[in-house]
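*Asks:* If you scroll down you'll find the structure; I have some questions about it.
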Amino acid sequence: MTDGAGTALSPEQLAAAVATAPGRELGSGYQASVRVVSTPAGDIVVKRPHGGVLAMLWRYLLRREHSVYTRLGGIAGIPRAYGLIGGEALALEYITGPSLREHDAALAHRDEFFARLLATVLAMHAVGVAHGDLKRKHNVIVGAGEQPYLIDFGIACLRDGLFGRLVFTTFRQMDLNAWLKLKYGRRLEDIVEPEAVSVEDAALYRPLLIERLARAIRVPWQLVTLRRPRQRWRARKRR
């Protein structure tokens, strides 16, 4: 990691900065907590795995996520990874900007934004990584100049080994289906006017049985657990 003058921070300096600098919590998932930390080289995102009985699993998944970011290095729309701190916490470039969930309706150049996002997704697939959770709008950050950034590769699939290649094929299609849903605001089969979808975009779509099964479980589960109201409550609390 470098500061504005191009001076590199060593892993030790970065670890010291993270240990002593004030931080601001961004959120917490089932694997890890995420916060923004100020360092001499600017703000960074620090993702730290949870403890408890599954601590070893969460640390493994975070190390795996680091390897994913390393493979994606240099692709436009992917935050840079600065490395693992203390062998477990993951330091990432902090992208200033709202999530697509917050900014979707305010996009000034929607077609250009989603063209850029698709370019990032295709470049990611070309190096053997599929995101797998692209349908969640908070995993897309709207950066400066409406540059889209993909974050949270916690369940990403790597095209490694026979099993990895088989899963990658499914995850890759899930990414493309999710991109289409983000762009058009709904699944393609739910669009009343098919002419509203370009021929090029429609050619990317292929419905998957696993998505239908997941949807059949997810919708009633969200109703039972009051997920939407809880999300709105947390969003108000962070303001």
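Going by the structure tokens order, chains are called A, B, ..., each with residues numbered from 1, while ligands are numbered from 1 in the order shown.
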Could you pull the residues within 7 Å of A:Arg35, counting only C-alpha atoms, minus those fewer than 4 positions along the same chain, as a PDB file with all heavy atoms, in the first residue's frame?
*Replies:*
ATOM      1  N   GLY A  23     -11.531   3.600  13.907  1.00  0.00           N
ATOM      2  CA  GLY A  23     -12.234   2.971  12.790  1.00  0.00           C
ATOM      3  C   GLY A  23     -13.720   3.232  12.858  1.00  0.00           C
ATOM      4  O   GLY A  23     -14.257   3.616  13.906  1.00  0.00           O
ATOM      5  N   ARG A  24     -14.359   3.023  11.744  1.00  0.00           N
ATOM      6  CA  ARG A  24     -15.805   3.204  11.660  1.00  0.00           C
ATOM      7  C   ARG A  24     -16.414   1.931  11.075  1.00  0.00           C
ATOM      8  O   ARG A  24     -15.996   1.461  10.021  1.00  0.00           O
ATOM      9  CB  ARG A  24     -16.141   4.401  10.769  1.00  0.00           C
ATOM     10  CG  ARG A  24     -17.621   4.555  10.442  1.00  0.00           C
ATOM     11  CD  ARG A  24     -17.868   5.878   9.738  1.00  0.00           C
ATOM     12  NE  ARG A  24     -17.137   5.992   8.487  1.00  0.00           N
ATOM     13  CZ  ARG A  24     -17.611   5.576   7.313  1.00  0.00           C
ATOM     14  NH1 ARG A  24     -18.809   4.997   7.235  1.00  0.00           N
ATOM     15  NH2 ARG A  24     -16.905   5.739   6.205  1.00  0.00           N
ATOM     16  N   GLU A  25     -17.375   1.364  11.782  1.00  0.00           N
ATOM     17  CA  GLU A  25     -17.964   0.102  11.329  1.00  0.00           C
ATOM     18  C   GLU A  25     -18.838   0.326  10.099  1.00  0.00           C
ATOM     19  O   GLU A  25     -19.661   1.239  10.059  1.00  0.00           O
ATOM     20  CB  GLU A  25     -18.800  -0.539  12.438  1.00  0.00           C
ATOM     21  CG  GLU A  25     -19.323  -1.915  12.052  1.00  0.00           C
ATOM     22  CD  GLU A  25     -20.031  -2.640  13.176  1.00  0.00           C
ATOM     23  OE1 GLU A  25     -20.000  -2.134  14.316  1.00  0.00           O
ATOM     24  OE2 GLU A  25     -20.620  -3.697  12.922  1.00  0.00           O
ATOM     25  N   LEU A  26     -18.633  -0.535   9.088  1.00  0.00           N
ATOM     26  CA  LEU A  26     -19.461  -0.501   7.883  1.00  0.00           C
ATOM     27  C   LEU A  26     -20.578  -1.530   7.949  1.00  0.00           C
ATOM     28  O   LEU A  26     -21.641  -1.334   7.366  1.00  0.00           O
ATOM     29  CB  LEU A  26     -18.602  -0.767   6.648  1.00  0.00           C
ATOM     30  CG  LEU A  26     -17.683   0.353   6.171  1.00  0.00           C
ATOM     31  CD1 LEU A  26     -16.923  -0.088   4.929  1.00  0.00           C
ATOM     32  CD2 LEU A  26     -18.475   1.625   5.875  1.00  0.00           C
ATOM     33  N   GLY A  27     -20.331  -2.622   8.619  1.00  0.00           N
ATOM     34  CA  GLY A  27     -21.349  -3.655   8.686  1.00  0.00           C
ATOM     35  C   GLY A  27     -20.762  -4.946   9.222  1.00  0.00           C
ATOM     36  O   GLY A  27     -19.565  -5.059   9.492  1.00  0.00           O
ATOM     37  N   VAL A  45     -10.342  -0.477   4.043  1.00  0.00           N
ATOM     38  CA  VAL A  45     -11.364  -1.365   4.602  1.00  0.00           C
ATOM     39  C   VAL A  45     -10.657  -2.541   5.257  1.00  0.00           C
ATOM     40  O   VAL A  45      -9.755  -3.139   4.671  1.00  0.00           O
ATOM     41  CB  VAL A  45     -12.320  -1.873   3.506  1.00  0.00           C
ATOM     42  CG1 VAL A  45     -13.209  -2.995   4.041  1.00  0.00           C
ATOM     43  CG2 VAL A  45     -13.181  -0.733   2.983  1.00  0.00           C
ATOM     44  N   VAL A  46     -11.052  -2.848   6.476  1.00  0.00           N
ATOM     45  CA  VAL A  46     -10.490  -3.996   7.185  1.00  0.00           C
ATOM     46  C   VAL A  46     -11.618  -4.976   7.466  1.00  0.00           C
ATOM     47  O   VAL A  46     -12.601  -4.635   8.125  1.00  0.00           O
ATOM     48  CB  VAL A  46      -9.806  -3.579   8.496  1.00  0.00           C
ATOM     49  CG1 VAL A  46      -9.300  -4.806   9.254  1.00  0.00           C
ATOM     50  CG2 VAL A  46      -8.649  -2.628   8.219  1.00  0.00           C
ATOM     51  N   LYS A  47     -11.458  -6.172   6.966  1.00  0.00           N
ATOM     52  CA  LYS A  47     -12.457  -7.226   7.139  1.00  0.00           C
ATOM     53  C   LYS A  47     -11.873  -8.261   8.098  1.00  0.00           C
ATOM     54  O   LYS A  47     -10.856  -8.888   7.800  1.00  0.00           O
ATOM     55  CB  LYS A  47     -12.794  -7.858   5.790  1.00  0.00           C
ATOM     56  CG  LYS A  47     -13.981  -8.805   5.816  1.00  0.00           C
ATOM     57  CD  LYS A  47     -14.380  -9.199   4.398  1.00  0.00           C
ATOM     58  CE  LYS A  47     -15.633 -10.070   4.401  1.00  0.00           C
ATOM     59  NZ  LYS A  47     -16.052 -10.439   3.020  1.00  0.00           N
TER      60      LYS A  47
END
*Asks:* Show me, as a list in words, the residues that have an atom within 9 Å of A:Ala76 when counting only C-alpha atoms, minus same-chain residues fewer than 4 positions from it.
*Replies:*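 My list of contacting residues is Arg116, Ala119, Thr120, Ala123, Gln147, Pro148 and Tyr149 of chain A.
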*Asks:* Determine which residues of stretch 17-46 of chain A receive a DSSP assignment of helix (DSSP H, G or I), computed from the backbone, and state them as a list in words.
*Replies:*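 Reading the DSSP output for stretch 17-46 of chain A, helix (DSSP H, G or I) covers Ala17, Val18, Ala19 and Thr20 of chain A.
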*Asks:* Residues within 12 Å of A:Ala203, please, as a PDB file with N, CA and C atoms, in the first residue's frame. Count only C-alpha atoms; anything in the same chain fewer than 6 positions from it doesn't count.
*Replies:*
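Heads up, here's the output in result16.pdb:
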ATOM      1  N   GLN A 173     -23.023 -18.254 -14.725  1.00  0.00           N
ATOM      2  CA  GLN A 173     -24.342 -17.932 -15.248  1.00  0.00           C
ATOM      3  C   GLN A 173     -25.180 -17.183 -14.225  1.00  0.00           C
ATOM      4  N   LEU A 176     -24.299 -13.564 -14.545  1.00  0.00           N
ATOM      5  CA  LEU A 176     -24.901 -12.912 -15.714  1.00  0.00           C
ATOM      6  C   LEU A 176     -26.396 -12.680 -15.497  1.00  0.00           C
ATOM      7  N   ASN A 177     -27.077 -13.675 -14.928  1.00  0.00           N
ATOM      8  CA  ASN A 177     -28.505 -13.495 -14.634  1.00  0.00           C
ATOM      9  C   ASN A 177     -28.714 -12.367 -13.620  1.00  0.00           C
ATOM     10  N   LEU A 180     -28.320  -8.927 -15.267  1.00  0.00           N
ATOM     11  CA  LEU A 180     -29.535  -8.575 -16.008  1.00  0.00           C
ATOM     12  C   LEU A 180     -30.634  -8.105 -15.064  1.00  0.00           C
ATOM     13  N   LEU A 188     -35.843 -11.518 -16.105  1.00  0.00           N
ATOM     14  CA  LEU A 188     -36.272 -11.297 -17.487  1.00  0.00           C
ATOM     15  C   LEU A 188     -37.633 -11.904 -17.779  1.00  0.00           C
ATOM     16  N   VAL A 197     -35.921  -5.274 -23.544  1.00  0.00           N
ATOM     17  CA  VAL A 197     -34.611  -5.889 -23.324  1.00  0.00           C
ATOM     18  C   VAL A 197     -33.890  -5.997 -24.653  1.00  0.00           C
TER      19      VAL A 197
END
*Asks:* Just the number, please: distance in Å from atom CA of A:Asp175 to atom CA of A:Thr96, one decimal.
*Replies:*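 That distance, rounded to one decimal, is 23.7 Å.
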*Asks:* Excluding stretch 77-79 of chain A and any residue of its chain fewer than 4 positions from it, enumerate the residues within 12 Å of it, using only C-alpha atoms, and give them as a compact mmCIF listing (two decimals) with all heavy atoms, in the first residue's frame.
*Replies:*
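Okay, result-v4.txt is ready:
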# COMPACT_ATOMS: atom_id res chain seq x y z
N ILE A 44 -8.67 2.67 4.58
CA ILE A 44 -8.75 1.32 4.03
C ILE A 44 -9.92 0.59 4.68
O ILE A 44 -10.43 1.00 5.73
CB ILE A 44 -7.46 0.51 4.27
CG1 ILE A 44 -7.22 0.31 5.78
CG2 ILE A 44 -6.26 1.17 3.59
CD1 ILE A 44 -6.10 -0.67 6.07
N VAL A 45 -10.34 -0.48 4.04
CA VAL A 45 -11.36 -1.36 4.60
C VAL A 45 -10.66 -2.54 5.26
O VAL A 45 -9.75 -3.14 4.67
CB VAL A 45 -12.32 -1.87 3.51
CG1 VAL A 45 -13.21 -3.00 4.04
CG2 VAL A 45 -13.18 -0.73 2.98
N HIS A 66 -8.87 -13.47 0.15
CA HIS A 66 -7.66 -12.73 -0.21
C HIS A 66 -7.06 -13.28 -1.50
O HIS A 66 -6.61 -12.51 -2.36
CB HIS A 66 -6.65 -12.82 0.94
CG HIS A 66 -5.32 -12.22 0.60
ND1 HIS A 66 -4.17 -12.96 0.50
CD2 HIS A 66 -4.97 -10.94 0.30
CE1 HIS A 66 -3.16 -12.16 0.17
NE2 HIS A 66 -3.62 -10.94 0.04
N VAL A 68 -8.67 -14.65 -3.88
CA VAL A 68 -9.55 -14.23 -4.96
C VAL A 68 -9.20 -12.81 -5.40
O VAL A 68 -9.05 -12.52 -6.60
CB VAL A 68 -11.03 -14.30 -4.52
CG1 VAL A 68 -11.93 -13.63 -5.56
CG2 VAL A 68 -11.46 -15.75 -4.33
N TYR A 69 -9.08 -11.90 -4.44
CA TYR A 69 -8.72 -10.51 -4.77
C TYR A 69 -7.36 -10.45 -5.46
O TYR A 69 -7.15 -9.64 -6.37
CB TYR A 69 -8.70 -9.65 -3.51
CG TYR A 69 -10.04 -9.09 -3.11
CD1 TYR A 69 -10.75 -9.62 -2.03
CD2 TYR A 69 -10.60 -8.03 -3.81
CE1 TYR A 69 -11.98 -9.10 -1.66
CE2 TYR A 69 -11.84 -7.51 -3.45
CZ TYR A 69 -12.52 -8.04 -2.37
OH TYR A 69 -13.74 -7.52 -2.02
N THR A 70 -6.43 -11.30 -5.04
CA THR A 70 -5.11 -11.32 -5.67
C THR A 70 -5.22 -11.71 -7.14
O THR A 70 -4.59 -11.11 -8.01
CB THR A 70 -4.19 -12.30 -4.94
OG1 THR A 70 -4.04 -11.89 -3.57
CG2 THR A 70 -2.82 -12.36 -5.59
N ARG A 71 -6.06 -12.70 -7.42
CA ARG A 71 -6.25 -13.12 -8.81
C ARG A 71 -6.91 -12.03 -9.64
O ARG A 71 -6.66 -11.90 -10.84
CB ARG A 71 -7.09 -14.40 -8.87
CG ARG A 71 -7.23 -14.95 -10.28
CD ARG A 71 -8.00 -16.26 -10.34
NE ARG A 71 -7.31 -17.35 -9.66
CZ ARG A 71 -7.62 -18.64 -9.82
NH1 ARG A 71 -8.60 -18.99 -10.64
NH2 ARG A 71 -6.97 -19.56 -9.17
N LEU A 72 -7.75 -11.23 -9.01
CA LEU A 72 -8.47 -10.19 -9.73
C LEU A 72 -7.70 -8.87 -9.83
O LEU A 72 -8.21 -7.90 -10.38
CB LEU A 72 -9.81 -9.92 -9.03
CG LEU A 72 -10.81 -11.07 -9.03
CD1 LEU A 72 -12.00 -10.72 -8.13
CD2 LEU A 72 -11.28 -11.40 -10.43
N GLY A 73 -6.48 -8.84 -9.31
CA GLY A 73 -5.69 -7.61 -9.29
C GLY A 73 -5.54 -6.99 -10.67
O GLY A 73 -5.21 -7.68 -11.63
N ALA A 91 -7.07 -6.47 4.44
CA ALA A 91 -7.04 -5.03 4.17
C ALA A 91 -7.32 -4.79 2.69
O ALA A 91 -6.66 -5.37 1.83
CB ALA A 91 -5.69 -4.44 4.56
N LEU A 92 -8.28 -3.91 2.41
CA LEU A 92 -8.71 -3.65 1.04
C LEU A 92 -8.80 -2.15 0.78
O LEU A 92 -8.96 -1.35 1.71
CB LEU A 92 -10.10 -4.27 0.79
CG LEU A 92 -10.24 -5.77 0.96
CD1 LEU A 92 -11.71 -6.16 1.00
CD2 LEU A 92 -9.54 -6.51 -0.18
N GLU A 93 -8.73 -1.80 -0.48
CA GLU A 93 -8.94 -0.41 -0.89
C GLU A 93 -10.36 0.02 -0.51
O GLU A 93 -11.33 -0.71 -0.71
CB GLU A 93 -8.76 -0.30 -2.40
CG GLU A 93 -9.02 1.08 -2.98
CD GLU A 93 -8.93 1.10 -4.49
OE1 GLU A 93 -8.85 0.01 -5.12
OE2 GLU A 93 -8.95 2.20 -5.06
N TYR A 94 -10.47 1.23 0.05
CA TYR A 94 -11.78 1.77 0.40
C TYR A 94 -12.31 2.58 -0.77
O TYR A 94 -11.70 3.56 -1.20
CB TYR A 94 -11.67 2.65 1.65
CG TYR A 94 -12.96 3.33 2.02
CD1 TYR A 94 -14.13 2.59 2.20
CD2 TYR A 94 -13.02 4.71 2.20
CE1 TYR A 94 -15.32 3.21 2.55
CE2 TYR A 94 -14.21 5.34 2.56
CZ TYR A 94 -15.35 4.58 2.73
OH TYR A 94 -16.53 5.20 3.07
N ILE A 95 -13.44 2.18 -1.29
CA ILE A 95 -14.08 2.86 -2.41
C ILE A 95 -15.14 3.80 -1.84
O ILE A 95 -16.11 3.36 -1.23
CB ILE A 95 -14.72 1.87 -3.40
CG1 ILE A 95 -13.70 0.84 -3.87
CG2 ILE A 95 -15.34 2.63 -4.57
CD1 ILE A 95 -12.51 1.44 -4.60
N THR A 96 -14.95 5.09 -2.06
CA THR A 96 -15.91 6.08 -1.57
C THR A 96 -17.12 6.12 -2.51
O THR A 96 -16.97 6.26 -3.72
CB THR A 96 -15.27 7.47 -1.51
OG1 THR A 96 -14.11 7.41 -0.69
CG2 THR A 96 -16.24 8.48 -0.93
N PHE A 113 -23.23 2.81 -17.01
CA PHE A 113 -22.89 2.18 -15.74
C PHE A 113 -22.95 0.66 -15.85
O PHE A 113 -22.02 -0.05 -15.45
CB PHE A 113 -23.83 2.67 -14.64
CG PHE A 113 -23.62 2.00 -13.31
CD1 PHE A 113 -22.67 2.48 -12.42
CD2 PHE A 113 -24.37 0.89 -12.95
CE1 PHE A 113 -22.46 1.86 -11.19
CE2 PHE A 113 -24.17 0.26 -11.73
CZ PHE A 113 -23.22 0.74 -10.84
N PHE A 114 -24.04 0.16 -16.42
CA PHE A 114 -24.19 -1.29 -16.49
C PHE A 114 -23.30 -1.91 -17.56
O PHE A 114 -22.92 -3.08 -17.44
CB PHE A 114 -25.66 -1.67 -16.67
CG PHE A 114 -26.44 -1.60 -15.39
CD1 PHE A 114 -27.24 -0.50 -15.11
CD2 PHE A 114 -26.32 -2.59 -14.44
CE1 PHE A 114 -27.93 -0.41 -13.91
CE2 PHE A 114 -27.00 -2.52 -13.24
CZ PHE A 114 -27.81 -1.42 -12.97
N ALA A 115 -22.93 -1.15 -18.57
CA ALA A 115 -21.94 -1.64 -19.54
C ALA A 115 -20.59 -1.82 -18.86
O ALA A 115 -19.87 -2.80 -19.08
CB ALA A 115 -21.83 -0.68 -20.72
N ARG A 116 -20.22 -0.86 -18.01
CA ARG A 116 -18.97 -0.97 -17.26
C ARG A 116 -19.01 -2.15 -16.29
O ARG A 116 -18.03 -2.89 -16.15
CB ARG A 116 -18.71 0.31 -16.47
CG ARG A 116 -18.33 1.52 -17.30
CD ARG A 116 -18.13 2.72 -16.37
NE ARG A 116 -17.66 3.91 -17.07
CZ ARG A 116 -17.39 5.06 -16.47
NH1 ARG A 116 -17.57 5.18 -15.15
NH2 ARG A 116 -16.96 6.10 -17.17
N LEU A 117 -20.16 -2.31 -15.63
CA LEU A 117 -20.29 -3.43 -14.69
C LEU A 117 -20.17 -4.76 -15.41
O LEU A 117 -19.51 -5.69 -14.92
CB LEU A 117 -21.62 -3.32 -13.94
CG LEU A 117 -21.91 -4.43 -12.92
CD1 LEU A 117 -20.81 -4.50 -11.86
CD2 LEU A 117 -23.28 -4.20 -12.26
N LEU A 118 -20.79 -4.88 -16.58
CA LEU A 118 -20.70 -6.12 -17.34
C LEU A 118 -19.25 -6.38 -17.77
O LEU A 118 -18.78 -7.53 -17.74
CB LEU A 118 -21.60 -6.06 -18.57
CG LEU A 118 -21.58 -7.30 -19.48
CD1 LEU A 118 -22.00 -8.55 -18.71
CD2 LEU A 118 -22.48 -7.09 -20.70
N ALA A 119 -18.53 -5.32 -18.16
CA ALA A 119 -17.13 -5.49 -18.55
C ALA A 119 -16.31 -6.04 -17.38
O ALA A 119 -15.44 -6.91 -17.58
CB ALA A 119 -16.56 -4.15 -19.02
N THR A 120 -16.58 -5.55 -16.17
CA THR A 120 -15.88 -6.06 -14.99
C THR A 120 -16.23 -7.53 -14.75
O THR A 120 -15.35 -8.35 -14.46
CB THR A 120 -16.25 -5.23 -13.75
OG1 THR A 120 -15.80 -3.89 -13.94
CG2 THR A 120 -15.62 -5.80 -12.49
N VAL A 121 -17.50 -7.87 -14.86
CA VAL A 121 -17.94 -9.25 -14.65
C VAL A 121 -17.29 -10.19 -15.66
O VAL A 121 -16.79 -11.27 -15.30
CB VAL A 121 -19.49 -9.34 -14.73
CG1 VAL A 121 -19.95 -10.80 -14.76
CG2 VAL A 121 -20.12 -8.60 -13.56
N LEU A 122 -17.25 -9.80 -16.92
CA LEU A 122 -16.66 -10.65 -17.95
C LEU A 122 -15.16 -10.79 -17.75
O LEU A 122 -14.59 -11.88 -17.97
CB LEU A 122 -16.97 -10.09 -19.34
CG LEU A 122 -18.46 -10.10 -19.74
CD1 LEU A 122 -18.64 -9.47 -21.13
CD2 LEU A 122 -19.03 -11.51 -19.73
N ALA A 123 -14.49 -9.70 -17.36
CA ALA A 123 -13.05 -9.78 -17.09
C ALA A 123 -12.77 -10.69 -15.90
O ALA A 123 -11.79 -11.45 -15.88
CB ALA A 123 -12.50 -8.38 -16.84
N MET A 124 -13.64 -10.62 -14.90
CA MET A 124 -13.52 -11.49 -13.73
C MET A 124 -13.67 -12.95 -14.13
O MET A 124 -12.88 -13.82 -13.73
CB MET A 124 -14.62 -11.09 -12.73
CG MET A 124 -14.75 -11.96 -11.50
SD MET A 124 -16.09 -11.36 -10.42
CE MET A 124 -17.54 -11.71 -11.46
N VAL A 129 -12.82 -16.44 -11.99
CA VAL A 129 -13.52 -16.12 -10.75
C VAL A 129 -14.97 -15.79 -11.07
O VAL A 129 -15.25 -15.01 -11.99
CB VAL A 129 -12.87 -14.92 -10.02
CG1 VAL A 129 -13.68 -14.56 -8.77
CG2 VAL A 129 -11.43 -15.22 -9.65
N HIS A 131 -18.47 -14.44 -8.98
CA HIS A 131 -18.82 -13.80 -7.71
C HIS A 131 -19.82 -14.62 -6.91
O HIS A 131 -19.64 -14.90 -5.73
CB HIS A 131 -19.37 -12.40 -7.98
CG HIS A 131 -19.56 -11.56 -6.76
ND1 HIS A 131 -20.64 -11.69 -5.91
CD2 HIS A 131 -18.80 -10.56 -6.23
CE1 HIS A 131 -20.54 -10.83 -4.93
NE2 HIS A 131 -19.43 -10.12 -5.09
N ASN A 139 -23.56 -5.19 -2.84
CA ASN A 139 -22.26 -5.71 -3.27
C ASN A 139 -21.71 -4.96 -4.48
O ASN A 139 -20.65 -5.31 -5.00
CB ASN A 139 -22.34 -7.20 -3.59
CG ASN A 139 -22.43 -8.05 -2.33
OD1 ASN A 139 -22.04 -7.61 -1.25
ND2 ASN A 139 -22.95 -9.26 -2.46
N VAL A 140 -22.44 -3.95 -4.93
CA VAL A 140 -21.98 -3.09 -6.02
C VAL A 140 -21.89 -1.66 -5.49
O VAL A 140 -22.89 -1.11 -5.02
CB VAL A 140 -22.93 -3.14 -7.24
CG1 VAL A 140 -22.40 -2.23 -8.35
CG2 VAL A 140 -23.09 -4.57 -7.74
N ILE A 141 -20.70 -1.07 -5.54
CA ILE A 141 -20.48 0.30 -5.08
C ILE A 141 -20.41 1.23 -6.29
O ILE A 141 -19.78 0.91 -7.29
CB ILE A 141 -19.18 0.42 -4.26
CG1 ILE A 141 -19.23 -0.51 -3.05
CG2 ILE A 141 -18.95 1.86 -3.81
CD1 ILE A 141 -20.33 -0.22 -2.07
N VAL A 142 -21.07 2.38 -6.19
CA VAL A 142 -21.02 3.38 -7.24
C VAL A 142 -19.92 4.37 -6.88
O VAL A 142 -20.08 5.23 -6.02
CB VAL A 142 -22.38 4.11 -7.38
CG1 VAL A 142 -22.32 5.10 -8.56
CG2 VAL A 142 -23.51 3.11 -7.59
N GLY A 143 -18.77 4.22 -7.55
CA GLY A 143 -17.62 5.07 -7.26
C GLY A 143 -17.66 6.37 -8.02
O GLY A 143 -18.66 6.72 -8.66
N ALA A 144 -16.54 7.10 -7.97
CA ALA A 144 -16.43 8.39 -8.66
C ALA A 144 -16.67 8.21 -10.15
O ALA A 144 -16.21 7.24 -10.76
CB ALA A 144 -15.05 9.00 -8.41
N GLY A 145 -17.40 9.17 -10.74
CA GLY A 145 -17.70 9.08 -12.17
C GLY A 145 -18.62 7.93 -12.52
O GLY A 145 -18.64 7.47 -13.67
N GLU A 146 -19.38 7.45 -11.52
CA GLU A 146 -20.29 6.30 -11.70
C GLU A 146 -19.54 5.06 -12.20
O GLU A 146 -20.06 4.30 -13.01
CB GLU A 146 -21.45 6.65 -12.62
CG GLU A 146 -22.41 7.67 -12.02
CD GLU A 146 -23.75 7.75 -12.74
OE1 GLU A 146 -23.83 7.32 -13.92
OE2 GLU A 146 -24.71 8.24 -12.14
N GLN A 147 -18.35 4.87 -11.68
CA GLN A 147 -17.61 3.64 -11.94
C GLN A 147 -18.12 2.57 -10.97
O GLN A 147 -18.05 2.75 -9.75
CB GLN A 147 -16.12 3.83 -11.74
CG GLN A 147 -15.30 2.54 -11.72
CD GLN A 147 -15.34 1.79 -13.03
OE1 GLN A 147 -15.16 2.38 -14.09
NE2 GLN A 147 -15.57 0.49 -12.98
N PRO A 148 -18.63 1.45 -11.47
CA PRO A 148 -19.08 0.39 -10.57
C PRO A 148 -17.91 -0.42 -10.02
O PRO A 148 -16.93 -0.67 -10.73
CB PRO A 148 -19.98 -0.48 -11.45
CG PRO A 148 -19.47 -0.25 -12.84
CD PRO A 148 -18.94 1.15 -12.88
N TYR A 149 -18.03 -0.81 -8.75
CA TYR A 149 -17.03 -1.66 -8.10
C TYR A 149 -17.74 -2.85 -7.48
O TYR A 149 -18.77 -2.69 -6.82
CB TYR A 149 -16.28 -0.90 -7.02
CG TYR A 149 -15.27 0.08 -7.54
CD1 TYR A 149 -15.65 1.39 -7.85
CD2 TYR A 149 -13.93 -0.27 -7.70
CE1 TYR A 149 -14.72 2.31 -8.33
CE2 TYR A 149 -13.01 0.65 -8.18
CZ TYR A 149 -13.40 1.93 -8.49
OH TYR A 149 -12.49 2.83 -8.96
N LEU A 150 -17.17 -4.03 -7.66
CA LEU A 150 -17.69 -5.24 -7.04
C LEU A 150 -16.95 -5.49 -5.73
O LEU A 150 -15.72 -5.41 -5.68
CB LEU A 150 -17.49 -6.44 -7.96
CG LEU A 150 -18.51 -6.66 -9.07
CD1 LEU A 150 -18.10 -7.85 -9.93
CD2 LEU A 150 -19.89 -6.89 -8.49
N ILE A 151 -17.69 -5.81 -4.68
CA ILE A 151 -17.09 -6.12 -3.39
C ILE A 151 -17.67 -7.42 -2.85
O ILE A 151 -18.62 -7.96 -3.40
CB ILE A 151 -17.30 -4.98 -2.37
CG1 ILE A 151 -18.79 -4.79 -2.08
CG2 ILE A 151 -16.66 -3.69 -2.86
CD1 ILE A 151 -19.07 -3.84 -0.92
N ASP A 152 -17.08 -7.89 -1.76
CA ASP A 152 -17.55 -9.06 -1.00
C ASP A 152 -17.49 -10.34 -1.84
O ASP A 152 -18.50 -10.80 -2.39
CB ASP A 152 -18.96 -8.85 -0.46
CG ASP A 152 -19.30 -9.88 0.63
OD1 ASP A 152 -18.49 -10.80 0.85
OD2 ASP A 152 -20.37 -9.75 1.25
N PHE A 153 -16.30 -10.92 -1.88
CA PHE A 153 -16.09 -12.17 -2.61
C PHE A 153 -16.03 -13.36 -1.66
O PHE A 153 -15.32 -14.33 -1.90
CB PHE A 153 -14.80 -12.07 -3.44
CG PHE A 153 -14.92 -11.16 -4.63
CD1 PHE A 153 -14.77 -9.79 -4.49
CD2 PHE A 153 -15.22 -11.68 -5.88
CE1 PHE A 153 -14.89 -8.94 -5.59
CE2 PHE A 153 -15.35 -10.84 -6.98
CZ PHE A 153 -15.19 -9.47 -6.83
*Asks:* Taking only C-alpha atoms into account, which of A:His103, A:Arg187, A:Arg63, A:Lys137 comes nearest A:Arg48?
*Replies:*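 The shortest atom-to-atom distance to A:Arg48 comes from A:Arg63.
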*Asks:* Pick out the closest residue to A:Gly86 from this set: A:Gln31, A:Ala16, A:Ala106, A:Ile155. Count only C-alpha atoms.
*Replies:*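 Going through A:Gln31, A:Ala16, A:Ala106, A:Ile155 one by one, the smallest distance to A:Gly86 is for A:Ala16.
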*Asks:* Distance atom CA of A:Ser67-atom CA of A:Ala32, one decimal place?
*Replies:*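 So the two atoms, atom CA of A:Ser67 and atom CA of A:Ala32, lie 16.5 Å apart.
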*Asks:* Give me the residues near A:Phe171 as a list in words, where near means some atom within 10 Å (using only C-alpha atoms) and where sequence neighbours in that chain fewer than 2 positions away do not count.
*Replies:* His125, Val129, Ala130, His131, Gly132, Asp133, Leu134, Ala156, Cys157, Leu158, Arg165, Leu166, Val167, Phe168, Thr169, Gln173, Met174, Asp175, Leu176 and Asn177 of chain A
*Asks:* Which distance in Å separates atom CA of A:Ser38 and atom CA of A:Leu14, to one decimal?
*Replies:*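 Value for the atom CA of A:Ser38-atom CA of A:Leu14 distance: 10.3 Å.
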